[in-house]
Structures are given as C-alpha cells and as structure tokens.
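Here's the structure we're looking at; comments come further down.
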Amino acid sequence: MDTRSTKSRYKIWYKLIAWILCIASACGATIILSSMLKTDTSTVVTSGQYVDSREYLNQVEADLGQVQNAYFGYGDEVLKNELRDYLGQLKQGHEQEIREILETAGLGGYYEEYIQEYEVNAENVTEETDTSTSAEMGSADQSLPDFITRIEDAASEIAGSGSEKSDAAAERSGISGLPEYDQYVKKQLETVSGKYAELLANAEQYITQSVRQKGEQASAELMNQKEFYFAVLKNGELLYTNTVADEADVAVDFIQKLDANQKYNWEGKTPGIYLSDVWWSTPAYTQQNMDGVQIYLGMSNEAFARNQADYNALYLTYLRMFILVLVCVAVFSVGFLWLMYTAGRSPKGGEVKVSFMDSIYLDIGGIALVIIVALIAAGVDQIASWVGNAYGPLQVMQICSLVSVAVALCLMWSMSISRRVKRHESYTLVAAVSGGIKNAYDRSGMGSKGVGAIIWYLIGGLLLILFMVFLGFVINVFGVIIGLILLLIYVIASVKFILKKAAAIREISIGVEKIKDGDLTYPIRKGGGVDLDKIATGIEHIAEGLDAAVQHEVKSERMKTELITNVSHDIKTPLTSILTYIDLLKKEGLSSPNGPKYLDVLDMKSKRLKSLTDDLFEAAKATSGDMNVEMTRIELIQFMEQALGELSDKIDASGLMFVSEMPDEKMYVSADGRLLWRVIGNVLENALKYAADSSRVYITIKRVLHNVCIVVKNVSRDELNMTEEELMERFKRGDESRHTEGSGLGLSIARNFMQLMNGLFSIEIDGDLFKVIISFPEYREVQSDDGEAPEAE
C-alpha cells in the first residue's frame with residue numbers, strides 16, 4: 001500500500017472537513033425536523049391519500065363534536081353543572097367582599113366570628129328557597145344551601161339595629177364580646193348581602209337562560225354551516241339537518257353521496273355514521289341522551305376538494321423534507337465515521353494520541369453529555385415555541401448555535417471513546433470503584449474469621465430487621481414484640497463480639513507500646529479470634545527478631561572492640577620490638593657485640609609486621625571482591641602433594657605426623673592456582689600452629705557426589721571453647737592468650753578466597769577435634785559437537 005496515501009488520510013484538513021459536514025448536517029436536520037413538527041406533519045405520514053389520513057378523521061371528529069354539543073350538550077346535566085359552578089362563584093365572592101369590608105373597618109380578625117353570627121341568624125330557611133335550590137343542585141355541593149340562607153337571613157337581620165342584632169346572636173350562638181361596627185360598615189354589609197341575595201334568587205333563571213342561549217347559538221351556527229352537512233335522526237325520524245331536505249331518507253341519501261363519503265373506506269359500516277370511530281371523543285354527559293340517535297355527517301364537496309389540495313401540497317412538502325433529512329443523516333454518518341476512523345491518528349504515525357477528554361471517566365462524561373444535550377434540546381424547543389410556523393434568521397442562528405455546541409461535544413466524546421477503544425482502555429468510575437472494592441476485598445481477607453464474622457453480623461442484622469418488619473405486617477403487635485426480642489438478642493451478641501475484638505485490639509496496642517519501650521519479651525494476651533491472635537503472634541515474633549538483632553548488634557560491637565584490640569596488639573608487638581632494638585642499636589652502635597643479634601630480631605619483627613600487613617591487605621581485597629581470579633583446570637592430588645612438599649621442613653620441625661589418604665585416580669577442579677595455594681597453605685599453617693604436640697594431622701581427598709573435597713583434621717593443642725562461626729572471624733585464634741605467632745586472618749582469608757573461586761570452605765569442631773572441609777565442583781570435560789575445545793561443567 002502507498003505509504004503517502006495512508007498518511008494523507010490523517011491530515012488535519014480532512015478532519016476539519018468532516019467536522020464541518022457533521023455540524024452543518026446536524027443543524028440542517030434539526031431545522032427541517034422542527035419545521036416539520038411545527039407544520040403538524042405527524043397527521044400526514046398516516047397515508048398518501050387525504051381521505052385515508054388521520055387528518056381527515058380529525059376534521060370529521062371535530063365536526064361531529066360540534067353537532068353533538070349543539071343538540072345534546074345543553075341538557076339538564078349541563079344546567080346542573082353550570083348552576084353549581086355559578087353558586088360556588090357567588091359564595092366565594094360574598095365571603096371575599098365581607099372580609100374586605102371587615103378588614104377595612106379594622107375587624108378582620110373577627111371575620112370567622114361574624115360569619116358564625118350570620119350562620120346563626122340563618123337557621124330558619126324559607127321553604128321556597130330550600131326547595132328550589134335543592135331541586136336544581138342535585139348532587140352539587142351541600143354547603144351551598146346553607147350559604148344561600150346565610151346571606152338572605154343575614155341581609156334581613158342587618159336591616160335591624162346593630163346592638164339588638166349582636167345581643168340576640170350572641171345569646172343563640174354563645175359568642176359574646178364581639179366589637180360593634182358603625183352605621184357605615186353596617187350599610188356596606190347590608191348592601192353586599194342584599195346584592196348576593198338578589199343574585200341567588202335569580203341564579204336558576206340566569207343560568208337556565210344562559211344555557212338556552214348557548215344552545216340556540218350553537219344550533220344557529222350549525223344550520224348556516226357549509227363546510228359539512230349533517231342529519232340527526234332518532235328512531236328513524238329526522239330531528240335536525242342543515243341540508244335542504246325535509247325527510248330523513250332524502251337527507252341521508254344526500255350526505256352519503258358526498259365525495260368524501262363516497263371515497264372513504266367504510267369496511268362494512270353504515271356510510272355517513274362516524275360514531276364508532278370517534279365515540280371516545282364524545283362528552284360523557286351526552287351519552288345518556290343518545291339512545292336511538294343516529295348522526296349522519298359528510299364533508300361538503302367544496303371543503304373536501306380544498307382540504308385534499310392542501311393535504312397533497314403538505315404531503316409533498318413533507319416528502320421533500322424527509323428526503324433532506326435522510327441526506328443530512330447520510331452526510332453526518334460519513335463525517336462521523338471518518339472522524340472515528342482518524343481519531344487519535346496523525347500523518348506522522350506512531351501511537352494513538354491522548355486528548356484531555358480521555359482523562360474523564362466514561363460513565364461520568366456520558367451522563368454529563370446527556371444532561372447538556374438535554375438542556376440544549378430544551379433550549380431549541382423553547383425557541384421553536386416562541387415563533388410561528390416559519391423561522392426567521394435570528395431563530396435559525398440561535399438553533400444552529402445550540403445544535404453546533406451539542407454536536408461538537410458529542411463528536412469530541414465519541415472520538416475520545418474511539419481512541420480508548422483503539423488503546424484497549426476502559427476508564428469508568430464504576431470500574432474504578434468496583435476495582436477499588438475488589439482490591440479492598442482481596443486485601444481484606446474476607447475468608448478469615450475476623451472480617452468474615454463482621455460481614456456476617458452486618459448481613460444478619462439487616463435480615464433480622466427485615467424479618468421483624470415482616471412479622472409486624474403479618475401478625476401486627478405480637479410480631480413486632482417477637483422481632484424486638486430477637487433484635488435485642490442480636491444487639492447483645494453484636495456488642496459482645498465487638499467488645500471482644502476491641503479488647504484484643506487493645507491488648508495488641510499495649511503489647512506494641514511495651515515492645516516499643518524496649519520490653520522485647522512482653523507476652524501479648526490472646527483471645528480475639530484467629531486473625532487477631534495471628535497478628536499478636538506475629539508481633540511477638542517481630543519482638544523476638546528485634547531481640548536477636550539487638551543481641552547480634554551487641555555481639556558485633558563487642559567483636560569490633562576485640563578486633564581493634566587484637567589488631568592493635570598484633571601490630572604493636574612487632575613494632576614495639578623494632579623500636580626497642582633500634583634504640584639499643586643507637587646506644588650500643590652497630591659494632592657492638594650484640595649488634596648482629598639486634599639486627600636479626602629487627603629483621604624477624606619487620607617480616608612479621610610485613611606478613612601481618614599483607615594479610616590485612618589480602619583480607620580486605622578478598623572481602624571486597626576486588627581481586628583478579630583466573631580459573632584454570634587443576635589436578636588436586638598433585639597440587640596437594642606439592643603443597644606438602646613445600647612445607648616439609650616445617651612439618652618435620654613441628655614433630656607432627658601428617659597422614660594422607662588420597663585416591664589413585666586423578667581429580668580435576670576449576671580454580672585459581674595462586675588463591676588455591678594460599679587456601680591450602682593457610683589450612684596447613686593453621687594445623688602446624690595449633691595442633692597438639694606429637695599428634696597426627698589427617699589429610700583426605702575424596703569425591704562426594706559431583707564435588708571433590710579436601711578434609712584436614714587435627715586435635716587442638718588448646719581447648720576450643722568457641723563456635724565454628726566465631727573461629728572463622730577475623731583476628732580470631734584458637735588460643736585466647738594469643739601466645740602463638742599469627743594474625744588470626746588465615747581461616748577468614750581462606751573462606752573468602754574459596755567464595756571467589758565458587759567453592760565452599762567450612763570448619764567443624766567436635767570437642768578438641770578440629771576439621772576443615774574444602775569443596776570444589778568436579779571438573780569434567782565435555783566434547784562439543786564441532787570438535788572444538790572442551791568445556792567444564
């Protein structure tokens with residue numbers, strides 16, 4: 001594939017074009033869809049023909065509703081409802097005006113008392129008023145008759161004197177101490193009560209006349225209606241029609257032959273009767289008057305032709321808009337897919353780039369995006385509701401601005417998701433929280449008895465509370481008592497469990513404080529459960545380790561002190577001798593008879609000091625590992641025989657008997673000859689210095705598994721009252737009195753040299769028997785496949 005062509009796909013210009021296409025197509029689709037909704041195109045999509053559409057049925061339903069309302073919507077039920085509403089309005093109006101008058105007179109706080117006084121004065125209700133009102137009210141509000149009588153009687157009572165009225169009312173109602181009002185207030189109350197008494201007296205006549213006028217007006221409007229024709233029949237007789245026919249058959253035939261009814265698909269129903277389609281829209285109170293009634297209805301030919309033309313034009317407009325919406329969706333899809341494909345990529349290649357939005361949790365960002373888009377959608381809907389059927393330039397700019405912001409946010413978030421998918425990332429708050437809970441769960445050791453018991457106590461408590469609620473619902477009070485007893489037992493057990501855990505934690509805390517203060521042998525009291533007991537035991541083991549470390553540190557400090565003392569002693573001894581004999585030579589001169597003897601002593605002590613210094617230097621280098629090691633193949637038996645030969649003079653002079661036990665076969669090892677010579681020499685020198693007089697020194701070379709071992713054994717001249725590890729330390733000698741020559745570094749240097757050669761050096765003490773073991777992996781020759789030089793295993 002052409003690399004230049006591949007890289008060009010990720011250029012910023014292509015991405016910019018995709019952004020523009022997405023935003024522009026989204027804005028266009030929004031404008032078109034909102035315009036379609038504003039033109040109520042939802043009625044258009046039901047059919048391609050006007051007569052089969054929902055809009056046609058809506059119009060027929062509206063026409064049928066007019067007919068039903070004009071001839072069946074103003075009966076006794078409507079009269080009752082209208083009268084009830086009117087009386088309720090009078091009641092509220094009267095109370096409001098009475099309150100305003102009393103408040104103006106400064107008696108607003110006594111409104112309830114005065115109203116009660118009026119009610120007492122209205123105890124005797126006239127039979128005429130009660131009969132007429134009850135007959136007209138039916139199931140209306142039963143407080144209205146009291147209200148009517150209250151106003152009428154209050155009006156008559158107000159006509160009397162104020163003081164006489166108040167006293168009489170107070171005696172019958174039990175109310176006393178009401179403030180008196182002046183003649184002006186009295187006149188106002190009298191006027192208001194009289195006004196409402198008159199209105200109530202004429203209420204039935206007023207409402208009846210109002211309802212009759214509404215029905216006559218509706219009927220007159222229908223008779224002059226030319227948009228549709230109707231015929232209302234009851235039991236086959238013609239009641240009402242706006243056609244020119246006087247007979248039912250003629251009117252029905254005329255309506256059924258209208259173009260609209262001829263083209264409508266009746267599917268076996270009686271042509272012209274739409275009740276079965278639109279009965280649900282009929283007011284409920286008209287149904288009781290519709291028994292035996294048939295309403296034939298049809299749209300006039302002129303109205304049908306006009307509505308059909310408007311519908312066809314609207315339908316074509318809808319189709320064009322729908323096609324434009326599909327084009328916008330296609331353009332948006334192409335731009336969106338391109339942005340998803342190029343998200344995180346650049347012409348320079350490399351890994352997927354990371355954006356600032358990639359650091360936002362997926363679920364949190366998604367929820368925030370949904371909220372923002374919902375708010376923007378509400379803003380667009382608000383703008384659309386402010387204008388008429390057509391948008392102006394300002395509204396288009398406002399809607400496009402809001403949609404652009406919403407689309408930009410959605411594209412940025414979608415590109416972030418695309419980048420995360422390409423990087424195989426799932427960064428959500430739910431995952432982070434669940435991962436944290438899982439991590440805490442894994443680290444908490446839920447299987448342990450400590451944490452597990454706490455969890456089960458919590459679950460058990462919740463289940464117990466639910467069980468108690470269930471008992472309360474099932475067996476009422478007794479169930480609640482049982483539940484409370486169980487809950488009390490649970491609380492006691494929980495408190496005991498928690499206190500037990502708390503006591504164990506306190507014991508552990510006390511133990512930690514004791515150990516921190518230096519009491520490393522303090523025993524922590526157990527009994528808090530397996531987990532807490534394990535923690536307590538672990539702390540005790542830590543204390544034991546600290547105690548051992550302290551003892552080791554004390555021992556180390558003591559050994560350092562002894563090391564300094566021993567080094568000082570070993571260096572000071574020959575140095576003191578050198579200084580002493582030099583001073584003697586200065587005093588006696590080199591020509592004195594003791595001069596040669598003094599020089600011999602100086603020569604011996606100087607060599608001793610040099611040997612000690614060399615041992616120190618080698619010990620330091622061996623410990624630091626700063627030595628060149630040249631590993632070669634060495635035949636060990638021959639090497640040991642040479643070492644014994646080199647030391648034969650010292651062996652003969654020591655009076656010791658060296659007994660060798662070596663196999664006849666050759667044994668090869670890989671070692672540095674110079675270092676191995678020093679190791680074997682140090683071991684033999686150590687035997688010569690510390691072996692018991694006239695005793696035997698045993699030297700054995702043998703094969704143990706795949707290793708070759710040199711074992712040197714002798715009986716110590718002095719008592720070995722120390723461990724093997726102590727004897728391997730620097731400047732440590734078998735004779736604590738340090739009366740023998742030596743630096744005390746021989747065995748330490750030998751062990752360090754063996755480590756450098758990948759060998760083992762150890763000593764064993766059994767009473768006064770001292771044994772040194774030197775071990776090497778056996779050297780074996782392996783012939784390579786190409787016949788070249790052999791390799792060692």
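Here's how to read the names in the structure tokens: chain A, B, ... by the order shown, residue numbers from 1 in each chain, ligand numbers from 1 in the order shown.
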
For Asn307 of chain A, find every residue with an atom within 12 Å (counting only C-alpha atoms), except residues of its own chain fewer than 3 positions away, and show them as a short mmCIF file (atom, residue, chain, number, x, y, z; two decimals) with N, CA, C and O atoms, in the first residue's frame.
```cif
data_model
loop_
_atom_site.label_atom_id
_atom_site.label_comp_id
_atom_site.auth_asym_id
_atom_site.auth_seq_id
_atom_site.Cartn_x
_atom_site.Cartn_y
_atom_site.Cartn_z
N GLN A 49 -53.20 9.43 0.81
CA GLN A 49 -54.48 9.98 0.37
C GLN A 49 -55.13 10.71 1.54
O GLN A 49 -55.14 10.23 2.68
N TYR A 50 -55.69 11.85 1.23
CA TYR A 50 -56.30 12.66 2.28
C TYR A 50 -57.44 11.93 2.98
O TYR A 50 -57.56 11.95 4.20
N VAL A 51 -58.29 11.25 2.23
CA VAL A 51 -59.46 10.60 2.80
C VAL A 51 -59.08 9.44 3.72
O VAL A 51 -59.88 9.01 4.56
N SER A 53 -56.30 9.55 5.64
CA SER A 53 -55.32 10.07 6.62
C SER A 53 -55.99 10.33 7.96
O SER A 53 -57.21 10.43 8.08
N GLU A 55 -55.63 13.11 9.48
CA GLU A 55 -56.09 14.49 9.46
C GLU A 55 -57.55 14.58 9.02
O GLU A 55 -58.33 15.39 9.54
N TYR A 56 -57.94 13.75 8.07
CA TYR A 56 -59.34 13.73 7.63
C TYR A 56 -60.24 13.31 8.78
O TYR A 56 -61.29 13.92 9.04
N GLN A 59 -60.69 16.03 11.36
CA GLN A 59 -61.65 17.05 10.94
C GLN A 59 -63.08 16.55 11.12
O GLN A 59 -63.96 17.28 11.59
N VAL A 60 -63.33 15.29 10.74
CA VAL A 60 -64.67 14.72 10.91
C VAL A 60 -65.05 14.66 12.38
O VAL A 60 -66.19 14.95 12.77
N GLU A 227 -69.38 23.93 5.48
CA GLU A 227 -68.18 23.11 5.36
C GLU A 227 -68.54 21.63 5.43
O GLU A 227 -67.82 20.79 4.89
N ALA A 260 -66.63 12.94 -0.19
CA ALA A 260 -65.83 12.41 0.92
C ALA A 260 -66.34 11.05 1.37
O ALA A 260 -65.56 10.11 1.58
N MET A 299 -68.38 15.71 4.76
CA MET A 299 -67.72 16.95 4.38
C MET A 299 -68.26 17.40 3.03
O MET A 299 -68.45 16.59 2.13
N SER A 300 -68.52 18.73 2.92
CA SER A 300 -69.04 19.24 1.65
C SER A 300 -68.01 19.03 0.55
O SER A 300 -66.80 18.95 0.81
N ASN A 301 -68.47 18.95 -0.69
CA ASN A 301 -67.57 18.71 -1.81
C ASN A 301 -66.55 19.82 -1.96
O ASN A 301 -65.38 19.58 -2.27
N GLU A 302 -66.98 21.06 -1.74
CA GLU A 302 -66.04 22.18 -1.87
C GLU A 302 -64.96 22.10 -0.78
O GLU A 302 -63.78 22.25 -1.07
N ALA A 303 -65.40 21.87 0.45
CA ALA A 303 -64.42 21.77 1.54
C ALA A 303 -63.51 20.57 1.35
O ALA A 303 -62.30 20.64 1.63
N PHE A 304 -64.08 19.47 0.89
CA PHE A 304 -63.27 18.26 0.69
C PHE A 304 -62.20 18.49 -0.38
O PHE A 304 -61.04 18.10 -0.22
N ASP A 310 -54.87 21.03 -0.12
CA ASP A 310 -53.92 21.45 0.93
C ASP A 310 -53.14 20.26 1.48
O ASP A 310 -51.93 20.34 1.74
N TYR A 311 -53.83 19.15 1.65
CA TYR A 311 -53.17 17.96 2.18
C TYR A 311 -52.10 17.45 1.22
O TYR A 311 -50.99 17.09 1.63
N ASN A 312 -52.43 17.42 -0.09
CA ASN A 312 -51.46 16.93 -1.08
C ASN A 312 -50.23 17.81 -1.11
O ASN A 312 -49.09 17.33 -1.21
N ALA A 313 -50.43 19.14 -1.03
CA ALA A 313 -49.28 20.06 -1.02
C ALA A 313 -48.43 19.84 0.23
O ALA A 313 -47.19 19.83 0.19
N LEU A 314 -49.11 19.66 1.36
CA LEU A 314 -48.39 19.41 2.61
C LEU A 314 -47.65 18.08 2.57
O LEU A 314 -46.53 17.95 3.08
N TYR A 315 -48.28 17.11 1.95
CA TYR A 315 -47.65 15.79 1.85
C TYR A 315 -46.37 15.85 1.01
O TYR A 315 -45.35 15.25 1.36
#
```

Excluding Leu297 of chain A and residues on its chain fewer than 2 positions from it, collect all residues at most 7 Å away from it, counting only C-alpha atoms, and give them as an mmCIF file with N, CA and C atoms, in the first residue's frame.
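And here is the file that came out, selection24.cif:
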```
data_model
loop_
_atom_site.group_PDB
_atom_site.id
_atom_site.type_symbol
_atom_site.label_atom_id
_atom_site.label_comp_id
_atom_site.auth_asym_id
_atom_site.auth_seq_id
_atom_site.Cartn_x
_atom_site.Cartn_y
_atom_site.Cartn_z
ATOM 1 N N TYR A 229 -72.174 18.744 6.015
ATOM 2 C CA TYR A 229 -73.619 18.549 6.134
ATOM 3 C C TYR A 229 -73.873 17.442 7.145
ATOM 4 N N PHE A 230 -74.992 17.574 7.865
ATOM 5 C CA PHE A 230 -75.319 16.578 8.883
ATOM 6 C C PHE A 230 -76.817 16.342 8.904
ATOM 7 N N ALA A 231 -77.175 15.221 9.465
ATOM 8 C CA ALA A 231 -78.584 14.882 9.679
ATOM 9 C C ALA A 231 -78.677 14.064 10.951
ATOM 10 N N ILE A 255 -76.271 13.050 2.076
ATOM 11 C CA ILE A 255 -74.988 13.016 2.809
ATOM 12 C C ILE A 255 -74.122 11.849 2.346
ATOM 13 N N GLY A 272 -71.574 7.364 6.319
ATOM 14 C CA GLY A 272 -72.026 8.630 6.877
ATOM 15 C C GLY A 272 -72.081 8.664 8.385
ATOM 16 N N ILE A 273 -72.014 7.496 9.083
ATOM 17 C CA ILE A 273 -72.058 7.462 10.552
ATOM 18 C C ILE A 273 -70.642 7.191 11.070
ATOM 19 N N ILE A 295 -76.352 9.972 13.787
ATOM 20 C CA ILE A 295 -75.884 11.232 13.208
ATOM 21 C C ILE A 295 -75.152 10.911 11.921
#
```

- Message: List as a PyMOL selection string the protein and nucleic acid residues near segment 707-721 of chain A, meaning an atom at most 10 Å away when only C-alpha atoms are counted, but skip any in the same chain fewer than 6 places from it.
- Response: chain A and resi 636-637+640+656+658-662+667-669+680+683-684+687-693+695-701+727+733-736+759-779

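Listed by chain and then by rising number, the residues of segment 204-344 of chain A that DSSP assigns to strand (DSSP E or B) from the backbone are Phe228, Tyr229, Phe230, Ala231, Val232, Leu233, Lys234, Glu237, Leu238, Leu239, Tyr240, Thr241, Val293, Gln294, Ile295, Tyr296, Leu297, Gly298 and Met299 of chain A.
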
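With only C-alpha atoms as the atoms that count, the minimum distance from Tyr318 of chain A to the choices A:Ser34, A:Gln217, A:Ser434, A:Asn224 is reached by A:Ser34.
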
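Remark: for Ile376 of chain A, the closest of the candidate residues A:Lys586, A:Ser355, A:Val405, A:Gln638 is A:Val405 (distances computed over only C-alpha atoms).
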